[in-house]
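Heads up, the thing below is written out as structure tokens.
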Amino acid sequence: MSTAGHAPTGAATSGSGTDVLRVAGLVKRFSGVPALGGVDLAVAAGEVHGLLGANGCGKSTLIKVLAGVHDADEGRVSIHGSEVPMPFGADGLRARGLSFVHQDLGLSASATVLEHFALDHVAARGSMRRIGWGAERRRAAALLARFEVAVDPDTRIDQLSPVQRAMVAIVRAVASQEQLAEADGERLPQLLVLDEPTVFLPSADVAILFKLIDRLRSAGDSVMLVSHDLDEVLEICDRVTVLRDGRNVGTRDVPGLGRNELVELILGIQIAGVTRPTDGTTPSPEVAMVTRGLSGDRVRDLDLTLHPGEVVGVTGLAGSGIEELTDLLYGVRPPTAGTVSIAGEEIARPTPATMLAHDVVLLPADRKALGSAPRLTVLENMALPFFAEEFRGGRLRWDTLRRQSQDTCVRLHVKPADPAALFSSLSGGNQQKALLGKWLDTKPAVMLLAEPTQGVDVGARQEIFRLVREAVAGGASVLCATSDYEQLVQLADRVLIFADGRVKDELTGDQITKDALTTAIYAGAAA
Amino acid sequence: MILTKNRSPAVAAAADDGGAAATAPVKLQTRREPERFALIGVWAIVIVVFSFATDRFLTTGNISSMLGSQTVLLILALGLLIPLRVGDYDLSVASTLGISAMLVALLNVNHGMGIVPACIIAVLVGALIGAINGAIVVKFDIDPFIVTLGMSTLLQGVLFWISDSATISGISIGLSNAVLTGTILSIPVDFWYAVVLCAVLWYVFDFTPFGQRLLFVGQSKDMARLNGIAVGRTRFLSLIASGTIAAVAGVVLAGTTGSADPNSSSSFLLPAFAACFLGSTTLKIGRFNPWGTFIALYFIVTGTTGLQLLGAQNYVQQLFYGAALIIAVILSKILRQRNDRQLQNDARRAALATAPGASQPTHQKETA
């Protein structure tokens, strides 16, 4: 919380005169909890600067502050040596030479490359001006040629390959910055912020993207690359800055920087107080759920066995396939290949309805859109699985349903324990406990959890862990897909490490530490 | 009309048991939500004002005519309520009504068919139209707004085609007798049919699993699917229901007028929507509900009838219905936001009160 004494710990130096962006003591709090606790960062002209850190380190918040999504609470930001007054406004630092390409790229699938470029170009000149399509096409073609991007301007975005899309987004960002600079009359080196642009790219295509980044660097511009992938960062970056717990823990020159040193920087010292489960549950030799050769969009050829009485953690970097896994197991989307069996019975066409009928439940990561109906009451949300069995004597037994949800709320410390409350009026942690309680009341054989503690406060988080362990002790089988390592340490009996859609490694019991998880995840990604 | 699931007593009662659970449940302050009854209040005021303004207003004849005259519209609006509950629009209900009335007339008058089979065929055709709408919407995953808009225009074409653009009169008096001639409390029986339909919908919506499925599908189709609800089938059935009920409304229309006019049906569409939307601002704010629709519709009828008694022209109906729809949509938005805010504040206060010390505000976890 203190903002004093955030001395820069970086070993690298750079002349401040050539810095495109300089950030000093940046603080951002959410409801009093600091997400950024005084970040210092300097990006020099003509360098590719990596921004690294574990999940929750503050990378996203920092980018969002620069992009104008959040306003910082404290700190100073200067561009080309002149300080920018805060707040930056909705456009962030775009007007001052920063451009952003986020992971989703911000392209419209059904519009053509030309339409995207023309939109930016024309928007600056007033909305009722006639668009000269011939000139716009020549301009777009020239831009693409300059960056050696072999794409026809008349191609629709959804007809491009992932790497072509990424490149179009980058060229577009650079071009609209240049256009601003033209208007100002002088062209200063600009800074392009790339937020995890390689996550969904096959490794062969990453090289193509890096050629484009290299070209920008040669032209004197700077690139800030946000990434999880250490090898990519070591390959392309000149310097890296590592954030941990909202602070800059070091800026290093890449030449001479070892992979292990980087991992150490990202991890820091182990956080004390994280303990392994000690409830002495032993997995039963029986089998709750089995997959054979299961494949989806990212997941490839998965053979998985879940036993009653165990929590199987699944983790990996973004894009490794863990985001898709719970959906695939629950039949949300049909698998492209492979089979799912529950308690020895093969499920012919897995859908959520058939999975539910086999006592498999899913707690999805997107609580608001998929997990609950926020506009309905707590009672209605919690009663949903029981409508059929509580329809007796020609009417729904609302009194029984109400008592049941009331009891569950009290038992799970859902506050307020009022079934008539609107679901959206509960806090994130209470919502999640209510939804977990709903499924626990159905006595599930298999529980699939996707990021179960996302947006959940610390207290509720521990209670959720306790409830999951209780269910496991009662013979349930739990699969938890998460990128929260600490959660896996506390919750999981074994952890499967995913990379590139496949299981690359497995940790069991006391092997599961944050350290071991991180090492395994980055090793898996590199393999 | 006790429509809310009675909230407070059970909440307080369940606090005593629970044994190990140390936390006593927090009972929120009773939320009266006076807005829920605002429309009824306004309706009462309108009635009082017109009673003083003209002595022809509060007469048995006028009341019976107000209640009886809009039965077709009420039935149509109740049918429309079902897809609205699922979050889908059915713009073809008015044309279905027109087709149904015309079929009764054609079969009965031109082809000499008995009135009962003619009515049954008309209702079955309505169900078929709903099934076609539903099949297209579900099978090809197309927005029902577009599908039913197309269907509505297509049916209008069919209507003029099969009728040669002419009114067909002379429908068997049996139908009139069944819907119009008999009265209960000096109100034509068809009004009571509509009241029964209203009660049936209330029962289905609030006391059957099917009704709850409609509600959840209407909230979020993805969420409903993840909870094992057959979303496609639910939407399909709801469009069949609206088509069938619209056809029933058509039969009632044929009975009350004794004829079928190809031009009359399209004027029912907007009033039906207005009643449904205005109804969703009352009794259960933010939810399409049958008794709310009933109240909204007769509120509008009271207003227009009173103004006409005072000498207003026929166009006040359109003014009234159009304005009611727009105001209803704005109102429901405002009321919902206000309500949400209050509930959120209540819940936050309650959570803080029960968690001494541990009252950490939830913060969004950073997703880097």
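Letters for chains follow the order of the structure tokens (A, B, ...), residue numbers begin at 1 for each chain, and ligand numbers begin at 1 in the order shown.
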
For the contact check between range 422-487 of chain A and range 326-349 of chain A, emit one row per residue of range 422-487 of chain A within 10 Å, containing the shortest atom pair and the distance in Å rounded to one decimal, counting only C-alpha atoms, chain then rising number order, as a Markdown table.
| residue | atom | partner | partner_atom | distance |
| --- | --- | --- | --- | --- |
| A:Ala445 | CA | A:Ala343 | CA | 9.1 |
| A:Val446 | CA | A:Ile342 | CA | 8.9 |
| A:Met447 | CA | A:Thr326 | CA | 9.7 |
| A:Leu448 | CA | A:Thr326 | CA | 6.1 |
| A:Leu449 | CA | A:Thr326 | CA | 7.2 |
| A:Ala450 | CA | A:Thr326 | CA | 6.6 |
| A:Leu479 | CA | A:Thr326 | CA | 8.1 |
| A:Cys480 | CA | A:Thr326 | CA | 8.3 |
| A:Ala481 | CA | A:Thr326 | CA | 7.1 |

Go ahead and write the selection's residues with C-alpha atoms as an mmCIF file, in the first residue's frame.
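New file part35.cif:
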data_model
loop_
_atom_site.group_PDB
_atom_site.id
_atom_site.type_symbol
_atom_site.label_atom_id
_atom_site.label_comp_id
_atom_site.auth_asym_id
_atom_site.auth_seq_id
_atom_site.Cartn_x
_atom_site.Cartn_y
_atom_site.Cartn_z
ATOM 1 C CA ALA A 445 -20.359 -37.687 -9.235
ATOM 2 C CA VAL A 446 -18.056 -35.413 -11.240
ATOM 3 C CA MET A 447 -17.625 -31.666 -10.759
ATOM 4 C CA LEU A 448 -15.902 -29.659 -13.475
ATOM 5 C CA LEU A 449 -14.616 -26.302 -12.234
ATOM 6 C CA ALA A 450 -13.294 -23.592 -14.536
ATOM 7 C CA LEU A 479 -11.504 -31.505 -12.190
ATOM 8 C CA CYS A 480 -10.329 -27.928 -11.725
ATOM 9 C CA ALA A 481 -8.958 -26.016 -14.728
#

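Residue nearest chain B, chosen from A:Gln511, A:Thr442, A:Gln462, A:Ser425 and counting only C-alpha atoms: A:Ser425.
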
Once DSSP has gone over the backbone, tell me which residues of range 29-102 of chain A are in strand (DSSP E or B), as an mmCIF file with C-alpha atoms, in the first residue's frame.
data_model
loop_
_atom_site.group_PDB
_atom_site.id
_atom_site.type_symbol
_atom_site.label_atom_id
_atom_site.label_comp_id
_atom_site.auth_asym_id
_atom_site.auth_seq_id
_atom_site.Cartn_x
_atom_site.Cartn_y
_atom_site.Cartn_z
ATOM 1 C CA ARG A 29 -6.050 0.459 -6.448
ATOM 2 C CA PHE A 30 -9.324 -1.407 -6.856
ATOM 3 C CA VAL A 33 -6.654 -3.098 -2.865
ATOM 4 C CA PRO A 34 -3.566 -2.122 -4.851
ATOM 5 C CA ALA A 35 -3.204 -3.867 -8.192
ATOM 6 C CA LEU A 36 -0.197 -1.702 -9.012
ATOM 7 C CA GLY A 37 1.896 -0.705 -6.035
ATOM 8 C CA GLY A 38 4.305 1.778 -7.598
ATOM 9 C CA VAL A 39 5.549 0.598 -10.971
ATOM 10 C CA ASP A 40 8.599 2.088 -12.691
ATOM 11 C CA LEU A 41 9.266 1.394 -16.317
ATOM 12 C CA ALA A 42 11.215 2.983 -19.147
ATOM 13 C CA VAL A 43 11.071 2.044 -22.806
ATOM 14 C CA ALA A 44 13.869 3.447 -24.960
ATOM 15 C CA VAL A 48 11.739 -4.182 -28.088
ATOM 16 C CA HIS A 49 10.898 -4.250 -24.422
ATOM 17 C CA GLY A 50 9.371 -7.351 -22.834
ATOM 18 C CA LEU A 51 6.859 -7.084 -19.990
ATOM 19 C CA LEU A 52 6.612 -10.272 -17.966
ATOM 20 C CA GLU A 74 -0.743 8.027 -8.299
ATOM 21 C CA GLY A 75 2.418 8.240 -10.339
ATOM 22 C CA ARG A 76 3.939 10.049 -13.293
ATOM 23 C CA VAL A 77 4.067 9.176 -16.940
ATOM 24 C CA SER A 78 6.138 11.008 -19.525
ATOM 25 C CA ILE A 79 6.459 10.529 -23.243
ATOM 26 C CA SER A 82 7.468 15.547 -21.393
ATOM 27 C CA GLU A 83 5.102 14.627 -18.624
ATOM 28 C CA LEU A 98 1.257 4.887 -28.180
ATOM 29 C CA SER A 99 -0.741 2.285 -30.034
ATOM 30 C CA PHE A 100 -2.164 -0.960 -28.722
ATOM 31 C CA VAL A 101 -2.815 -4.342 -30.211
#

Counting only C-alpha atoms, which residue out of A:Glu470, A:Thr508, A:Leu435, A:Gly313 sits closest to Tyr485 in chain A?
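Ranking A:Glu470, A:Thr508, A:Leu435, A:Gly313 by distance to Tyr485 in chain A, first place goes to A:Gly313.
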
Using only C-alpha atoms, can you tell me which of A:Ile208, A:Leu267, A:Leu188, A:Leu62 comes closest to Val226 in chain A?
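Nearest candidate to Val226 in chain A out of A:Ile208, A:Leu267, A:Leu188, A:Leu62: A:Leu62.
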
Can you tell me, as a compact mmCIF listing (two decimals) with C-alpha atoms, in the first residue's frame, which residues in range 202-294 of chain B count as alpha helix (DSSP H) by DSSP?
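Writing done, so here's out-v7.txt:
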# COMPACT_ATOMS: atom_id res chain seq x y z
CA TRP B 202 -50.01 -17.66 -14.54
CA TYR B 203 -50.09 -21.26 -13.37
CA VAL B 204 -47.78 -22.45 -16.15
CA PHE B 205 -45.31 -19.60 -15.71
CA ASP B 206 -45.05 -19.71 -11.93
CA PHE B 207 -45.91 -23.24 -10.87
CA PRO B 209 -41.01 -26.60 -14.43
CA PHE B 210 -41.85 -25.71 -18.03
CA GLY B 211 -42.62 -22.15 -16.98
CA GLN B 212 -39.31 -21.90 -15.16
CA ARG B 213 -37.52 -23.20 -18.23
CA LEU B 214 -39.17 -20.47 -20.30
CA LEU B 215 -37.90 -17.94 -17.78
CA PHE B 216 -34.31 -19.17 -17.77
CA VAL B 217 -34.14 -19.46 -21.55
CA GLY B 218 -35.36 -15.87 -21.68
CA GLN B 219 -32.59 -14.77 -19.32
CA LYS B 221 -29.82 -19.16 -23.67
CA ASP B 222 -26.23 -20.24 -23.02
CA MET B 223 -26.73 -20.46 -19.29
CA ALA B 224 -29.97 -22.41 -19.77
CA ARG B 225 -28.23 -24.90 -22.04
CA LEU B 226 -25.41 -25.45 -19.54
CA VAL B 231 -33.29 -24.48 -25.36
CA GLY B 232 -34.25 -25.22 -28.95
CA ARG B 233 -37.28 -27.28 -27.97
CA THR B 234 -38.44 -24.65 -25.48
CA ARG B 235 -38.27 -21.90 -28.11
CA PHE B 236 -39.99 -24.13 -30.67
CA LEU B 237 -42.85 -24.93 -28.29
CA SER B 238 -43.27 -21.30 -27.28
CA LEU B 239 -43.74 -20.24 -30.92
CA ILE B 240 -46.24 -23.05 -31.46
CA ALA B 241 -48.11 -21.83 -28.38
CA SER B 242 -48.23 -18.23 -29.61
CA GLY B 243 -49.42 -19.35 -33.06
CA THR B 244 -52.13 -21.55 -31.54
CA ILE B 245 -53.38 -18.91 -29.15
CA ALA B 246 -53.35 -16.29 -31.93
CA ALA B 247 -55.54 -18.61 -33.98
CA VAL B 248 -57.90 -18.99 -31.02
CA ALA B 249 -58.09 -15.19 -30.90
CA GLY B 250 -58.96 -15.32 -34.60
CA VAL B 251 -61.82 -17.72 -33.93
CA VAL B 252 -63.14 -15.43 -31.21
CA LEU B 253 -62.87 -12.47 -33.59
CA ALA B 254 -64.87 -14.38 -36.23
CA GLY B 255 -67.49 -15.15 -33.59
CA THR B 256 -67.84 -11.60 -32.28
CA THR B 257 -68.15 -10.00 -35.73
CA LEU B 269 -50.11 -6.22 -33.49
CA LEU B 270 -48.93 -3.03 -31.84
CA PRO B 271 -51.58 -2.95 -29.10
CA ALA B 272 -50.66 -6.52 -28.17
CA PHE B 273 -47.00 -5.57 -27.82
CA ALA B 274 -47.92 -2.43 -25.90
CA ALA B 275 -49.97 -4.45 -23.42
CA CYS B 276 -47.18 -7.00 -22.90
CA PHE B 277 -44.47 -4.39 -22.39
CA LEU B 278 -46.54 -2.12 -20.20
CA GLY B 279 -47.56 -5.24 -18.27
CA PRO B 290 -50.09 -12.41 -17.55
CA TRP B 291 -51.90 -10.40 -14.86
CA GLY B 292 -49.67 -7.41 -15.55
CA THR B 293 -50.62 -7.69 -19.21
CA PHE B 294 -54.28 -7.89 -18.23

For Pro262 in chain B: contacts at 8 Å, only C-alpha atoms, fewer than 4 positions along chain excluded, given as a PyMOL selection string
chain B and resi 98+102+159-160+163+165-167

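With CA of Pro162 in chain A on one side and CA of Ala111 in chain A on the other, the separation reads 15.5 Å.
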
Taking 5 positions as the minimum chain separation for residues in the same chain, which residues sit within 12 Å of Gly311 in chain B when counting only C-alpha atoms? Answer as a PyMOL selection string.
chain B and resi 53-54+56+304-306+316

Among listed residues A:Ser295, A:Ser284, A:Thr351, A:Gln159, nearest chain B (using only C-alpha atoms):
A:Thr351

Between CA of His358 in chain A and CA of Gly296 in chain A, measure the distance and give it in Å to one decimal.
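Taking CA of His358 in chain A and CA of Gly296 in chain A, their separation equals 21.3 Å.
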
Pick out the residues sitting within 12 Å of Ile330 in chain B, and hand them over as a count of residues only; count only C-alpha atoms, and ignore anything fewer than 6 positions along from it in its own chain.
9

Return the single residue from A:Ala45, A:Ala417, A:Leu517, A:Ala471 that is closest to chain B, with distances computed using only C-alpha atoms.
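Of A:Ala45, A:Ala417, A:Leu517, A:Ala471, the one nearest chain B is A:Ala417, counting only C-alpha atoms.
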
Of the listed residues A:Val69, A:Met289, A:Leu412, A:Leu422, that which approaches Pro308 in chain A most closely, counting only C-alpha atoms:
A:Met289

Extract, using only C-alpha atoms, all DNA, RNA and protein residues at most 10 Å from range 138-144 of chain A, discarding same-chain residues fewer than 3 positions from it, and format them as an MDAnalysis selection string.
chainID A and resid 113:118 121 133:135 147:154 167:168 171:172 174:175

Export C-alpha atoms of the chosen residues as a PDB file, in the first residue's frame?
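Saved as result.pdb:
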ATOM      1  CA  VAL A 113      -8.622  -5.347 -44.620  1.00  0.00           C
ATOM      2  CA  LEU A 114      -9.200  -2.350 -46.869  1.00  0.00           C
ATOM      3  CA  GLU A 115     -12.326  -1.332 -44.965  1.00  0.00           C
ATOM      4  CA  HIS A 116     -10.400  -1.393 -41.706  1.00  0.00           C
ATOM      5  CA  PHE A 117      -7.602   0.787 -43.054  1.00  0.00           C
ATOM      6  CA  ALA A 118      -9.983   3.170 -44.793  1.00  0.00           C
ATOM      7  CA  HIS A 121      -7.862   7.019 -42.493  1.00  0.00           C
ATOM      8  CA  TRP A 133     -11.957   3.801 -52.670  1.00  0.00           C
ATOM      9  CA  GLY A 134      -9.322   3.737 -55.409  1.00  0.00           C
ATOM     10  CA  ALA A 135      -6.943   5.894 -53.427  1.00  0.00           C
ATOM     11  CA  PHE A 147       5.790  -4.082 -43.977  1.00  0.00           C
ATOM     12  CA  GLU A 148       6.036  -7.047 -46.339  1.00  0.00           C
ATOM     13  CA  VAL A 149       2.670  -8.400 -45.323  1.00  0.00           C
ATOM     14  CA  ALA A 150       1.447 -10.499 -48.235  1.00  0.00           C
ATOM     15  CA  VAL A 151      -2.286  -9.883 -47.908  1.00  0.00           C
ATOM     16  CA  ASP A 152      -4.749  -8.678 -50.519  1.00  0.00           C
ATOM     17  CA  PRO A 153      -6.507  -5.577 -49.144  1.00  0.00           C
ATOM     18  CA  ASP A 154      -9.870  -6.892 -50.375  1.00  0.00           C
ATOM     19  CA  MET A 167      -0.002  -8.600 -38.721  1.00  0.00           C
ATOM     20  CA  VAL A 168      -2.904  -6.675 -40.200  1.00  0.00           C
ATOM     21  CA  VAL A 171       0.152  -2.559 -39.453  1.00  0.00           C
ATOM     22  CA  ARG A 172      -3.188  -0.907 -38.830  1.00  0.00           C
ATOM     23  CA  VAL A 174       1.212   1.665 -36.765  1.00  0.00           C
ATOM     24  CA  ALA A 175      -0.465   3.328 -39.744  1.00  0.00           C
TER      25      ALA A 175
END
